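Next comes upload_6.cif, with mmCIF, C-alpha atoms and all ligand atoms.
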```
data_entry
#
loop_
_atom_site.group_PDB
_atom_site.id
_atom_site.type_symbol
_atom_site.label_atom_id
_atom_site.label_comp_id
_atom_site.auth_asym_id
_atom_site.auth_seq_id
_atom_site.Cartn_x
_atom_site.Cartn_y
_atom_site.Cartn_z
ATOM 1 C CA MET M 4 25.822 71.293 -37.737
ATOM 2 C CA TYR M 5 23.838 71.194 -34.492
ATOM 3 C CA THR M 6 21.661 73.982 -33.075
ATOM 4 C CA PHE M 7 21.554 74.285 -29.290
ATOM 5 C CA LYS M 8 18.347 76.061 -28.226
ATOM 6 C CA LEU M 9 16.977 77.443 -24.976
ATOM 7 C CA ASP M 10 13.309 78.015 -24.113
ATOM 8 C CA ASN M 11 13.845 81.812 -24.074
ATOM 9 C CA GLY M 12 14.506 81.773 -27.838
ATOM 10 C CA PHE M 13 18.311 81.867 -27.623
ATOM 11 C CA SER M 14 20.090 79.529 -30.040
ATOM 12 C CA ILE M 15 23.659 78.860 -31.112
ATOM 13 C CA ASP M 16 24.916 76.840 -34.089
ATOM 14 C CA LEU M 17 27.691 74.432 -33.218
ATOM 15 C CA GLU M 18 29.822 71.968 -35.125
ATOM 16 C CA LYS M 19 29.262 68.545 -33.525
ATOM 17 C CA ASN M 20 31.854 65.819 -33.978
ATOM 18 C CA ASP M 21 30.214 62.338 -34.058
ATOM 19 C CA LYS M 22 32.554 61.215 -31.280
ATOM 20 C CA VAL M 23 31.455 64.009 -28.942
ATOM 21 C CA PHE M 24 28.485 64.074 -26.562
ATOM 22 C CA THR M 25 25.276 65.620 -27.906
ATOM 23 C CA PRO M 26 23.990 68.279 -25.456
ATOM 24 C CA THR M 27 20.870 67.356 -23.443
ATOM 25 C CA GLY M 28 18.280 69.033 -21.234
ATOM 26 C CA THR M 29 20.909 69.125 -18.476
ATOM 27 C CA SER M 30 23.147 71.311 -20.656
ATOM 28 C CA LYS M 31 20.156 73.623 -21.221
ATOM 29 C CA VAL M 32 19.028 73.915 -17.616
ATOM 30 C CA LEU M 33 22.594 74.670 -16.513
ATOM 31 C CA VAL M 34 22.867 77.539 -19.008
ATOM 32 C CA GLU M 35 19.393 78.855 -18.134
ATOM 33 C CA ALA M 36 20.101 78.749 -14.383
ATOM 34 C CA ILE M 37 23.363 80.658 -14.812
ATOM 35 C CA ILE M 38 21.855 83.265 -17.146
ATOM 36 C CA GLU M 39 19.087 83.866 -14.592
ATOM 37 C CA ASN M 40 21.555 84.252 -11.705
ATOM 38 C CA VAL M 41 24.691 85.914 -13.112
ATOM 39 C CA LYS M 42 24.601 89.412 -14.543
ATOM 40 C CA ASP M 43 28.243 90.258 -15.304
ATOM 41 C CA LYS M 44 31.269 88.767 -17.072
ATOM 42 C CA LYS M 45 33.324 86.172 -15.192
ATOM 43 C CA LYS M 46 36.519 84.217 -15.697
ATOM 44 C CA ILE M 47 34.868 80.859 -16.416
ATOM 45 C CA LEU M 48 35.989 77.246 -16.621
ATOM 46 C CA ASP M 49 33.632 74.971 -18.599
ATOM 47 C CA LEU M 50 34.482 71.590 -17.022
ATOM 48 C CA GLY M 51 33.406 68.611 -19.166
ATOM 49 C CA CYS M 52 32.976 71.016 -22.076
ATOM 50 C CA GLY M 53 31.985 68.548 -24.821
ATOM 51 C CA CYS M 54 31.398 70.528 -28.023
ATOM 52 C CA GLY M 55 31.051 73.808 -26.055
ATOM 53 C CA ALA M 56 27.267 74.202 -25.788
ATOM 54 C CA ILE M 57 27.419 75.513 -22.222
ATOM 55 C CA GLY M 58 30.515 77.722 -22.307
ATOM 56 C CA LEU M 59 29.799 79.260 -25.689
ATOM 57 C CA SER M 60 26.139 79.910 -24.822
ATOM 58 C CA LEU M 61 27.360 81.766 -21.733
ATOM 59 C CA PHE M 62 29.788 83.700 -23.957
ATOM 60 C CA LYS M 63 26.968 84.695 -26.327
ATOM 61 C CA ASN M 64 24.955 85.834 -23.290
ATOM 62 C CA ASN M 65 27.808 88.139 -22.148
ATOM 63 C CA ILE M 66 28.727 86.155 -19.054
ATOM 64 C CA VAL M 67 32.262 85.185 -20.141
ATOM 65 C CA LYS M 68 35.341 87.340 -19.574
ATOM 66 C CA GLU M 69 37.631 86.191 -22.426
ATOM 67 C CA PRO M 70 39.449 83.948 -22.760
ATOM 68 C CA ILE M 71 37.026 81.172 -21.873
ATOM 69 C CA TYR M 72 38.699 78.190 -20.186
ATOM 70 C CA ALA M 73 37.497 74.690 -21.010
ATOM 71 C CA SER M 74 38.536 71.094 -20.529
ATOM 72 C CA ASP M 75 37.331 67.572 -21.089
ATOM 73 C CA VAL M 76 38.833 64.105 -20.706
ATOM 74 C CA SER M 77 38.084 63.536 -24.398
ATOM 75 C CA GLU M 78 40.580 64.897 -26.931
ATOM 76 C CA GLU M 79 37.834 64.963 -29.595
ATOM 77 C CA ALA M 80 35.691 67.108 -27.301
ATOM 78 C CA VAL M 81 38.508 69.597 -26.697
ATOM 79 C CA ASN M 82 39.142 69.871 -30.447
ATOM 80 C CA ASN M 83 35.414 70.276 -31.070
ATOM 81 C CA PHE M 84 35.297 73.020 -28.410
ATOM 82 C CA ILE M 85 38.197 74.808 -30.127
ATOM 83 C CA THR M 86 36.468 74.631 -33.533
ATOM 84 C CA ASN M 87 33.328 76.171 -32.051
ATOM 85 C CA SER M 88 35.202 78.868 -30.098
ATOM 86 C CA GLU M 89 36.899 79.931 -33.325
ATOM 87 C CA LYS M 90 33.586 79.818 -35.210
ATOM 88 C CA HIS M 91 32.043 82.180 -32.627
ATOM 89 C CA LYS M 92 35.200 84.307 -32.268
ATOM 90 C CA CYS M 93 35.625 83.604 -28.564
ATOM 91 C CA LYS M 94 39.218 83.602 -27.271
ATOM 92 C CA TYR M 95 39.873 80.332 -25.461
ATOM 93 C CA ILE M 96 42.300 78.249 -23.432
ATOM 94 C CA ALA M 97 41.257 74.630 -23.803
ATOM 95 C CA LYS M 98 42.963 71.430 -22.741
ATOM 96 C CA GLN M 99 42.440 67.745 -22.226
ATOM 97 C CA SER M 100 42.173 66.993 -18.519
ATOM 98 C CA HIS M 101 40.768 64.444 -16.103
ATOM 99 C CA LEU M 102 38.474 66.677 -14.036
ATOM 100 C CA LEU M 103 40.505 69.615 -12.635
ATOM 101 C CA ASN M 104 43.913 67.922 -12.749
ATOM 102 C CA GLU M 105 45.521 70.062 -15.475
ATOM 103 C CA TRP M 106 44.412 73.438 -14.040
ATOM 104 C CA ASN M 107 46.780 73.496 -11.073
ATOM 105 C CA GLU M 108 48.151 76.980 -11.711
ATOM 106 C CA ASN M 109 44.697 78.521 -12.250
ATOM 107 C CA GLN M 110 41.770 79.950 -10.356
ATOM 108 C CA PHE M 111 38.375 80.879 -11.816
ATOM 109 C CA GLU M 112 35.563 83.181 -10.726
ATOM 110 C CA MET M 113 33.128 80.530 -11.917
ATOM 111 C CA ILE M 114 33.395 76.813 -12.607
ATOM 112 C CA VAL M 115 30.506 75.219 -14.467
ATOM 113 C CA CYS M 116 30.679 71.457 -14.137
ATOM 114 C CA ASP M 117 28.910 69.156 -16.558
ATOM 115 C CA VAL M 118 31.105 66.063 -16.422
ATOM 116 C CA SER M 119 29.372 62.696 -16.750
ATOM 117 C CA ALA M 120 27.197 62.267 -13.655
ATOM 118 C CA ILE M 121 24.643 59.515 -14.183
ATOM 119 C CA SER M 122 24.889 55.921 -12.982
ATOM 120 C CA GLU M 123 27.404 53.969 -15.063
ATOM 121 C CA GLU M 124 24.799 51.158 -15.238
ATOM 122 C CA VAL M 125 22.251 53.508 -16.824
ATOM 123 C CA ALA M 126 24.872 54.919 -19.174
ATOM 124 C CA LYS M 127 25.395 51.391 -20.549
ATOM 125 C CA PHE M 128 21.865 51.283 -21.913
ATOM 126 C CA SER M 129 21.511 54.926 -22.916
ATOM 127 C CA ASN M 130 22.715 56.096 -26.311
ATOM 128 C CA TRP M 131 23.822 59.429 -24.750
ATOM 129 C CA PHE M 132 27.069 57.793 -23.709
ATOM 130 C CA ASP M 133 27.789 55.666 -26.808
ATOM 131 C CA VAL M 134 30.745 57.909 -27.589
ATOM 132 C CA THR M 135 31.437 59.450 -24.192
ATOM 133 C CA SER M 136 33.299 58.311 -21.103
ATOM 134 C CA CYS M 137 31.056 57.717 -18.064
ATOM 135 C CA LYS M 138 33.267 56.191 -15.348
ATOM 136 C CA THR M 139 30.939 57.317 -12.599
ATOM 137 C CA GLY M 140 30.341 54.152 -10.550
ATOM 138 C CA VAL M 141 27.079 52.286 -10.123
ATOM 139 C CA ASP M 142 25.374 55.260 -8.414
ATOM 140 C CA GLY M 143 26.859 57.975 -10.647
ATOM 141 C CA SER M 144 28.693 59.756 -7.830
ATOM 142 C CA ASP M 145 32.377 58.952 -8.376
ATOM 143 C CA LEU M 146 33.392 61.966 -10.488
ATOM 144 C CA MET M 147 31.224 64.417 -8.529
ATOM 145 C CA LYS M 148 32.780 63.289 -5.231
ATOM 146 C CA GLU M 149 36.273 63.869 -6.615
ATOM 147 C CA ILE M 150 35.299 67.344 -7.847
ATOM 148 C CA PHE M 151 33.632 68.272 -4.528
ATOM 149 C CA GLU M 152 36.864 67.327 -2.731
ATOM 150 C CA ASN M 153 39.023 69.583 -4.900
ATOM 151 C CA VAL M 154 37.026 72.408 -6.413
ATOM 152 C CA GLU M 155 37.552 75.083 -3.741
ATOM 153 C CA LYS M 156 41.243 75.550 -4.480
ATOM 154 C CA TYR M 157 40.426 76.335 -8.128
ATOM 155 C CA ILE M 158 37.994 79.132 -7.215
ATOM 156 C CA LYS M 159 39.101 82.763 -7.005
ATOM 157 C CA LYS M 160 37.049 84.113 -4.092
ATOM 158 C CA PRO M 161 34.431 85.467 -4.137
ATOM 159 C CA GLY M 162 33.417 82.895 -6.719
ATOM 160 C CA HIS M 163 30.885 80.264 -7.654
ATOM 161 C CA PHE M 164 30.664 76.623 -8.620
ATOM 162 C CA TYR M 165 27.638 75.344 -10.548
ATOM 163 C CA PHE M 166 26.778 71.669 -10.948
ATOM 164 C CA PRO M 167 23.773 69.494 -11.770
ATOM 165 C CA ILE M 168 22.397 66.555 -9.842
ATOM 166 C CA ILE M 169 20.661 64.293 -12.349
ATOM 167 C CA SER M 170 18.024 61.873 -11.088
ATOM 168 C CA LEU M 171 19.652 58.969 -12.943
ATOM 169 C CA SER M 172 22.188 58.950 -10.095
ATOM 170 C CA ASN M 173 22.075 58.617 -6.304
ATOM 171 C CA VAL M 174 20.521 62.037 -5.734
ATOM 172 C CA ASP M 175 20.332 61.807 -1.924
ATOM 173 C CA PHE M 176 23.936 60.715 -1.518
ATOM 174 C CA ILE M 177 25.345 63.356 -3.902
ATOM 175 C CA LYS M 178 23.226 66.065 -2.251
ATOM 176 C CA GLU M 179 24.335 65.036 1.245
ATOM 177 C CA TYR M 180 27.963 64.836 0.154
ATOM 178 C CA SER M 181 27.795 68.339 -1.324
ATOM 179 C CA LEU M 182 26.138 69.680 1.846
ATOM 180 C CA SER M 183 28.956 68.178 3.915
ATOM 181 C CA LYS M 184 31.597 69.884 1.750
ATOM 182 C CA PHE M 185 30.145 73.341 1.054
ATOM 183 C CA LYS M 186 28.958 75.949 3.565
ATOM 184 C CA LYS M 187 26.903 78.040 1.142
ATOM 185 C CA ILE M 188 24.958 75.987 -1.364
ATOM 186 C CA LYS M 189 21.495 76.329 -2.868
ATOM 187 C CA LYS M 190 19.351 74.701 -5.500
ATOM 188 C CA ILE M 191 18.586 77.335 -8.133
ATOM 189 C CA LYS M 192 16.608 75.456 -10.782
ATOM 190 C CA ARG M 193 14.820 72.174 -11.523
ATOM 191 C CA PHE M 194 14.029 70.706 -14.939
ATOM 192 C CA ASN M 195 11.695 67.702 -15.242
ATOM 193 C CA TRP M 196 12.116 65.554 -18.323
ATOM 194 C CA PRO M 197 10.643 62.327 -19.676
ATOM 195 C CA LEU M 198 12.884 59.267 -19.911
ATOM 196 C CA PRO M 199 13.856 58.968 -23.584
ATOM 197 C CA GLU M 200 11.735 56.441 -25.504
ATOM 198 C CA GLU M 201 14.710 54.198 -26.297
ATOM 199 C CA MET M 202 15.373 53.740 -22.562
ATOM 200 C CA MET M 203 11.805 52.677 -21.710
ATOM 201 C CA LYS M 204 12.659 49.074 -22.602
ATOM 202 C CA HIS M 205 15.043 49.095 -19.623
ATOM 203 C CA LEU M 206 12.381 50.196 -17.139
ATOM 204 C CA GLU M 207 12.585 47.008 -15.060
ATOM 205 C CA ALA M 208 16.360 47.405 -14.699
ATOM 206 C CA LEU M 209 15.836 51.055 -13.763
ATOM 207 C CA LYS M 210 13.292 50.082 -11.110
ATOM 208 C CA LYS M 211 15.833 47.680 -9.566
ATOM 209 C CA LEU M 212 18.388 50.497 -9.486
ATOM 210 C CA ARG M 213 15.760 52.759 -7.884
ATOM 211 C CA GLU M 214 15.185 50.187 -5.106
ATOM 212 C CA LYS M 215 18.880 50.579 -4.246
ATOM 213 C CA LYS M 216 18.560 54.408 -4.460
ATOM 214 C CA PHE M 217 21.090 54.488 -7.326
ATOM 215 C CA VAL M 218 18.535 56.394 -9.448
ATOM 216 C CA ASP M 219 15.283 58.267 -8.838
ATOM 217 C CA PHE M 220 12.235 58.844 -11.057
ATOM 218 C CA LYS M 221 8.461 58.999 -10.889
ATOM 219 C CA GLU M 222 5.911 57.196 -13.027
ATOM 220 C CA VAL M 223 3.018 59.425 -14.047
ATOM 221 C CA LEU M 224 0.284 58.285 -16.470
ATOM 222 C CA GLY M 225 2.599 55.744 -18.094
ATOM 223 C CA MET M 226 5.429 58.243 -18.414
ATOM 224 C CA VAL M 227 8.730 58.028 -16.552
ATOM 225 C CA ILE M 228 9.679 61.452 -15.241
ATOM 226 C CA CYS M 229 13.296 62.253 -14.370
ATOM 227 C CA TYR M 230 14.763 65.566 -13.253
ATOM 228 C CA THR M 231 17.916 67.645 -13.175
ATOM 229 C CA ASP M 232 18.545 70.073 -10.303
ATOM 230 C CA VAL M 233 21.114 72.849 -10.664
ATOM 231 C CA TYR M 234 23.091 73.854 -7.567
ATOM 232 C CA GLU M 235 25.070 77.028 -6.910
ATOM 233 C CA VAL M 236 27.921 76.954 -4.416
ATOM 234 C CA SER M 237 29.266 80.322 -3.226
ATOM 235 C CA PHE M 238 32.809 80.725 -1.916
ATOM 236 C CA GLU M 239 33.394 83.966 -0.016
HETATM 237 C C1 LIG F 301 27.162 64.909 -20.047
HETATM 238 S S1 LIG F 301 28.512 65.252 -21.127
HETATM 239 C C2 LIG F 301 28.348 67.039 -21.225
HETATM 240 C C3 LIG F 301 29.128 67.678 -22.331
HETATM 241 C C4 LIG F 301 28.833 69.165 -22.548
HETATM 242 N N1 LIG F 301 29.000 69.926 -21.339
HETATM 243 C C5 LIG F 301 27.446 69.366 -23.119
HETATM 244 O O1 LIG F 301 26.655 70.094 -22.512
HETATM 245 O O2 LIG F 301 27.169 68.792 -24.172
HETATM 246 C C6 LIG F 301 29.847 64.973 -20.031
HETATM 247 C C7 LIG F 301 31.221 65.356 -20.521
HETATM 248 O O3 LIG F 301 32.145 65.026 -19.458
HETATM 249 C C8 LIG F 301 33.300 64.480 -20.045
HETATM 250 N N2 LIG F 301 33.979 63.653 -19.044
HETATM 251 C C9 LIG F 301 33.699 62.380 -18.673
HETATM 252 N N3 LIG F 301 34.583 61.962 -17.755
HETATM 253 C C10 LIG F 301 35.416 63.019 -17.520
HETATM 254 C C11 LIG F 301 36.568 63.205 -16.686
HETATM 255 N N4 LIG F 301 37.001 62.224 -15.912
HETATM 256 N N5 LIG F 301 37.187 64.408 -16.704
HETATM 257 C C12 LIG F 301 36.742 65.399 -17.527
HETATM 258 N N6 LIG F 301 35.694 65.272 -18.352
HETATM 259 C C13 LIG F 301 35.031 64.105 -18.339
HETATM 260 C C14 LIG F 301 32.801 63.687 -21.230
HETATM 261 O O4 LIG F 301 33.829 63.450 -22.179
HETATM 262 C C15 LIG F 301 31.676 64.601 -21.755
HETATM 263 O O5 LIG F 301 32.134 65.489 -22.728
#
```

Reformat the file's structure so that it appears as structure tokens.
Amino acid sequence: MYTFKLDNGFSIDLEKNDKVFTPTGTSKVLVEAIIENVKDKKKILDLGCGCGAIGLSLFKNNIVKEPIYASDVSEEAVNNFITNSEKHKCKYIAKQSHLLNEWNENQFEMIVCDVSAISEEVAKFSNWFDVTSCKTGVDGSDLMKEIFENVEKYIKKPGHFYFPIISLSNVDFIKEYSLSKFKKIKKIKRFNWPLPEEMMKHLEALKKLREKKFVDFKEVLGMVICYTDVYEVSFE
């Protein structure tokens, strides 16, 4: 059993399969940003759903028009999502899919994207991705670029697309790419977080990646500070 908690006191108990990603601060800031900005129920796709922390937290906060839609490239994640949807009595349509590929007949009022989006090089030395696919390229942008190219046709207008830019990727490139693709886009939340202790031993490698702009972070009083920004794209 795993408890996913937000700073506002909200929490949800989830079953967590060992082969499925454990939610992080990025999962939390995405949920918080959406709760702060969306006030009614939407037809939602949780893209890169993992065990369901994001989608099911939105359901518990009355933002999901049932059924909730969810997908992940990992079969274990989809099964874990189904277990948790049933546990929380949320009707669902869940499937295994590379990005949006299996949703061709569908449109959503909201797509929340939390597919792997940090540099593949960083993922190799982080234990976040021990059990999770992270085929994102050296600067972490490969999956995001593919989603940016395709997402509009899966949105029922007026609708929204939410995604994070994590500083363990090429922030400037991903931001510029998104600005070139979307007319109405804004940053709605930032979350600063310390680099996990177990990754500090890779600081020199991280600094080399930072020189190439593949990652970004600040060093403050011996701490390495990373960040996640949440973006909202509006389609009208
Ligand atoms: C950072 S984890 C987030 C999981 C979940 N949203 C959470 O908050 O715990 C990224 C998820 O994206 C999935 N993923 C990786 N590559 C993918 C792809 N090509 N298509 C769909 N999902 C993918 C992973 O299996 C993983 O579950």

For Ser30 (chain M), the nearest of the candidates M:Asp117, M:Glu108, M:Glu78, M:Glu235, counting only C-alpha atoms: M:Asp117

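Using all atoms listed in the file, the residues found no farther than 6 Å from Asp232 (chain M), other than those of its own chain fewer than 4 positions away, are Pro167, Ile168, Lys192 and Arg193 of chain M.
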
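Each of M:Met113, M:Val218, M:Leu103, M:Met226 was checked against ligand LIG 301 (chain F) using only C-alpha atoms and all ligand atoms; the smallest atom-to-atom distance is that of M:Leu103.
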
Given the point (12.6, 57.4, -23.8) in the coordinates of this file, which residues lie within 12 Å, counting only C-alpha atoms, and how would they look as a VMD selection string? chain M and resid 128 to 131 196 to 206 225 to 229

Set up a box along x, y and z of the file covering all listed atoms of ligand LIG 301 (chain F), add 6 Å on every one of the six sides, and write the centre and edge lengths in Å to one decimal, as lines of an AutoDock Vina configuration file.
```
center_x = 31.9
center_y = 66.0
center_z = -20.0
size_x = 22.5
size_y = 20.1
size_z = 20.3
```

For CA of Ile96 (chain M) and CA of Ser181 (chain M), the interatomic separation in Å (one decimal): 28.2 Å

Nearby polymer residues, ligand LIG 301 (chain F), at most 7 Å, only C-alpha atoms and all ligand atoms, as JSON, numbers by chain: {"M": [23, 24, 25, 26, 27, 30, 50, 51, 52, 53, 54, 55, 56, 57, 74, 75, 76, 77, 80, 100, 101, 102, 117, 118, 119, 120, 135, 136, 137, 138, 146]}

Limited to C-alpha atoms, could you put the picked residues into a file as a CSV table (one decimal), keeping the file's coordinate frame?
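Final output, again-v6.csv:
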```
chain,number,residue,atom,x,y,z
M,23,VAL,CA,31.5,64.0,-28.9
M,24,PHE,CA,28.5,64.1,-26.6
M,25,THR,CA,25.3,65.6,-27.9
M,26,PRO,CA,24.0,68.3,-25.5
M,27,THR,CA,20.9,67.4,-23.4
M,30,SER,CA,23.1,71.3,-20.7
M,50,LEU,CA,34.5,71.6,-17.0
M,51,GLY,CA,33.4,68.6,-19.2
M,52,CYS,CA,33.0,71.0,-22.1
M,53,GLY,CA,32.0,68.5,-24.8
M,54,CYS,CA,31.4,70.5,-28.0
M,55,GLY,CA,31.1,73.8,-26.1
M,56,ALA,CA,27.3,74.2,-25.8
M,57,ILE,CA,27.4,75.5,-22.2
M,74,SER,CA,38.5,71.1,-20.5
M,75,ASP,CA,37.3,67.6,-21.1
M,76,VAL,CA,38.8,64.1,-20.7
M,77,SER,CA,38.1,63.5,-24.4
M,80,ALA,CA,35.7,67.1,-27.3
M,100,SER,CA,42.2,67.0,-18.5
M,101,HIS,CA,40.8,64.4,-16.1
M,102,LEU,CA,38.5,66.7,-14.0
M,117,ASP,CA,28.9,69.2,-16.6
M,118,VAL,CA,31.1,66.1,-16.4
M,119,SER,CA,29.4,62.7,-16.8
M,120,ALA,CA,27.2,62.3,-13.7
M,135,THR,CA,31.4,59.4,-24.2
M,136,SER,CA,33.3,58.3,-21.1
M,137,CYS,CA,31.1,57.7,-18.1
M,138,LYS,CA,33.3,56.2,-15.3
M,146,LEU,CA,33.4,62.0,-10.5
```

Please list as number ranges by chain every residue within 12 Å of Lys148 (chain M), counting only C-alpha atoms and excluding residues in the same chain fewer than 5 positions away. M: 102, 118, 120, 139-140, 142-143, 153-154, 166, 168, 173, 176-184

When distances are computed from all atoms listed in the file, which of M:Leu17, M:Val125, M:Ile85, M:Cys116 shows the smallest separation from Tyr165 (chain M)? M:Cys116

List the residues selected by the PyMOL selection byres (((chain M and resi 62) around 12) and not hetatm) in the file shown, writing them as a ChimeraX atom specification. /M:15,34,37-38,43-49,55-61,63-72,87-88,91-95

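Closest approach to Lys127 (chain M) from the set M:Ala208, M:Ala97, M:Gly28, M:Lys221 is made by M:Ala208, with distances taken over all atoms listed in the file.
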
Point-to-point distance from CA of Asp175 (chain M) to CA of Lys156 (chain M), Å rounded to tenths: 25.2 Å

Two-atom distance - CA of Ala126 (chain M), CA of Phe217 (chain M) (Å): 12.4 Å

For region 205-227 of chain M, supply N, CA and C atoms and format the output as a PDB file, in the coordinates of the input.
```pdb
ATOM      1  N   HIS M 205      14.206  49.479 -20.772  1.00  0.00           N
ATOM      2  CA  HIS M 205      15.043  49.095 -19.623  1.00  0.00           C
ATOM      3  C   HIS M 205      14.384  49.474 -18.295  1.00  0.00           C
ATOM      4  N   LEU M 206      13.073  49.703 -18.334  1.00  0.00           N
ATOM      5  CA  LEU M 206      12.381  50.196 -17.139  1.00  0.00           C
ATOM      6  C   LEU M 206      12.534  49.257 -15.940  1.00  0.00           C
ATOM      7  N   GLU M 207      12.471  47.935 -16.195  1.00  0.00           N
ATOM      8  CA  GLU M 207      12.585  47.008 -15.060  1.00  0.00           C
ATOM      9  C   GLU M 207      13.969  47.130 -14.415  1.00  0.00           C
ATOM     10  N   ALA M 208      15.004  47.237 -15.242  1.00  0.00           N
ATOM     11  CA  ALA M 208      16.360  47.405 -14.699  1.00  0.00           C
ATOM     12  C   ALA M 208      16.461  48.729 -13.933  1.00  0.00           C
ATOM     13  N   LEU M 209      15.814  49.752 -14.457  1.00  0.00           N
ATOM     14  CA  LEU M 209      15.836  51.055 -13.763  1.00  0.00           C
ATOM     15  C   LEU M 209      15.119  50.969 -12.416  1.00  0.00           C
ATOM     16  N   LYS M 210      14.023  50.218 -12.378  1.00  0.00           N
ATOM     17  CA  LYS M 210      13.292  50.082 -11.110  1.00  0.00           C
ATOM     18  C   LYS M 210      14.158  49.378 -10.068  1.00  0.00           C
ATOM     19  N   LYS M 211      14.936  48.375 -10.515  1.00  0.00           N
ATOM     20  CA  LYS M 211      15.833  47.680  -9.566  1.00  0.00           C
ATOM     21  C   LYS M 211      16.897  48.654  -9.041  1.00  0.00           C
ATOM     22  N   LEU M 212      17.405  49.504  -9.934  1.00  0.00           N
ATOM     23  CA  LEU M 212      18.388  50.497  -9.486  1.00  0.00           C
ATOM     24  C   LEU M 212      17.742  51.506  -8.530  1.00  0.00           C
ATOM     25  N   ARG M 213      16.460  51.815  -8.777  1.00  0.00           N
ATOM     26  CA  ARG M 213      15.760  52.759  -7.884  1.00  0.00           C
ATOM     27  C   ARG M 213      15.583  52.155  -6.485  1.00  0.00           C
ATOM     28  N   GLU M 214      15.318  50.838  -6.429  1.00  0.00           N
ATOM     29  CA  GLU M 214      15.185  50.187  -5.106  1.00  0.00           C
ATOM     30  C   GLU M 214      16.455  50.379  -4.288  1.00  0.00           C
ATOM     31  N   LYS M 215      17.605  50.411  -4.966  1.00  0.00           N
ATOM     32  CA  LYS M 215      18.880  50.579  -4.246  1.00  0.00           C
ATOM     33  C   LYS M 215      19.240  52.054  -4.071  1.00  0.00           C
ATOM     34  N   LYS M 216      18.365  52.945  -4.523  1.00  0.00           N
ATOM     35  CA  LYS M 216      18.560  54.408  -4.460  1.00  0.00           C
ATOM     36  C   LYS M 216      19.685  54.890  -5.393  1.00  0.00           C
ATOM     37  N   PHE M 217      20.046  54.074  -6.384  1.00  0.00           N
ATOM     38  CA  PHE M 217      21.090  54.488  -7.326  1.00  0.00           C
ATOM     39  C   PHE M 217      20.527  55.437  -8.381  1.00  0.00           C
ATOM     40  N   VAL M 218      19.202  55.426  -8.551  1.00  0.00           N
ATOM     41  CA  VAL M 218      18.535  56.394  -9.448  1.00  0.00           C
ATOM     42  C   VAL M 218      17.204  56.780  -8.803  1.00  0.00           C
ATOM     43  N   ASP M 219      16.587  57.829  -9.341  1.00  0.00           N
ATOM     44  CA  ASP M 219      15.283  58.267  -8.838  1.00  0.00           C
ATOM     45  C   ASP M 219      14.435  58.714 -10.036  1.00  0.00           C
ATOM     46  N   PHE M 220      13.162  58.358 -10.024  1.00  0.00           N
ATOM     47  CA  PHE M 220      12.235  58.844 -11.057  1.00  0.00           C
ATOM     48  C   PHE M 220      10.819  58.555 -10.577  1.00  0.00           C
ATOM     49  N   LYS M 221       9.869  59.243 -11.218  1.00  0.00           N
ATOM     50  CA  LYS M 221       8.461  58.999 -10.889  1.00  0.00           C
ATOM     51  C   LYS M 221       7.768  58.460 -12.128  1.00  0.00           C
ATOM     52  N   GLU M 222       6.725  57.656 -11.890  1.00  0.00           N
ATOM     53  CA  GLU M 222       5.911  57.196 -13.027  1.00  0.00           C
ATOM     54  C   GLU M 222       4.569  57.905 -12.955  1.00  0.00           C
ATOM     55  N   VAL M 223       4.259  58.655 -14.014  1.00  0.00           N
ATOM     56  CA  VAL M 223       3.018  59.425 -14.047  1.00  0.00           C
ATOM     57  C   VAL M 223       2.306  59.143 -15.368  1.00  0.00           C
ATOM     58  N   LEU M 224       1.100  58.565 -15.277  1.00  0.00           N
ATOM     59  CA  LEU M 224       0.284  58.285 -16.470  1.00  0.00           C
ATOM     60  C   LEU M 224       1.095  57.559 -17.551  1.00  0.00           C
ATOM     61  N   GLY M 225       1.836  56.549 -17.139  1.00  0.00           N
ATOM     62  CA  GLY M 225       2.599  55.744 -18.094  1.00  0.00           C
ATOM     63  C   GLY M 225       3.904  56.385 -18.552  1.00  0.00           C
ATOM     64  N   MET M 226       4.150  57.601 -18.046  1.00  0.00           N
ATOM     65  CA  MET M 226       5.429  58.243 -18.414  1.00  0.00           C
ATOM     66  C   MET M 226       6.415  58.132 -17.253  1.00  0.00           C
ATOM     67  N   VAL M 227       7.699  58.047 -17.582  1.00  0.00           N
ATOM     68  CA  VAL M 227       8.730  58.028 -16.552  1.00  0.00           C
ATOM     69  C   VAL M 227       9.350  59.427 -16.516  1.00  0.00           C
TER      70      VAL M 227
END
```
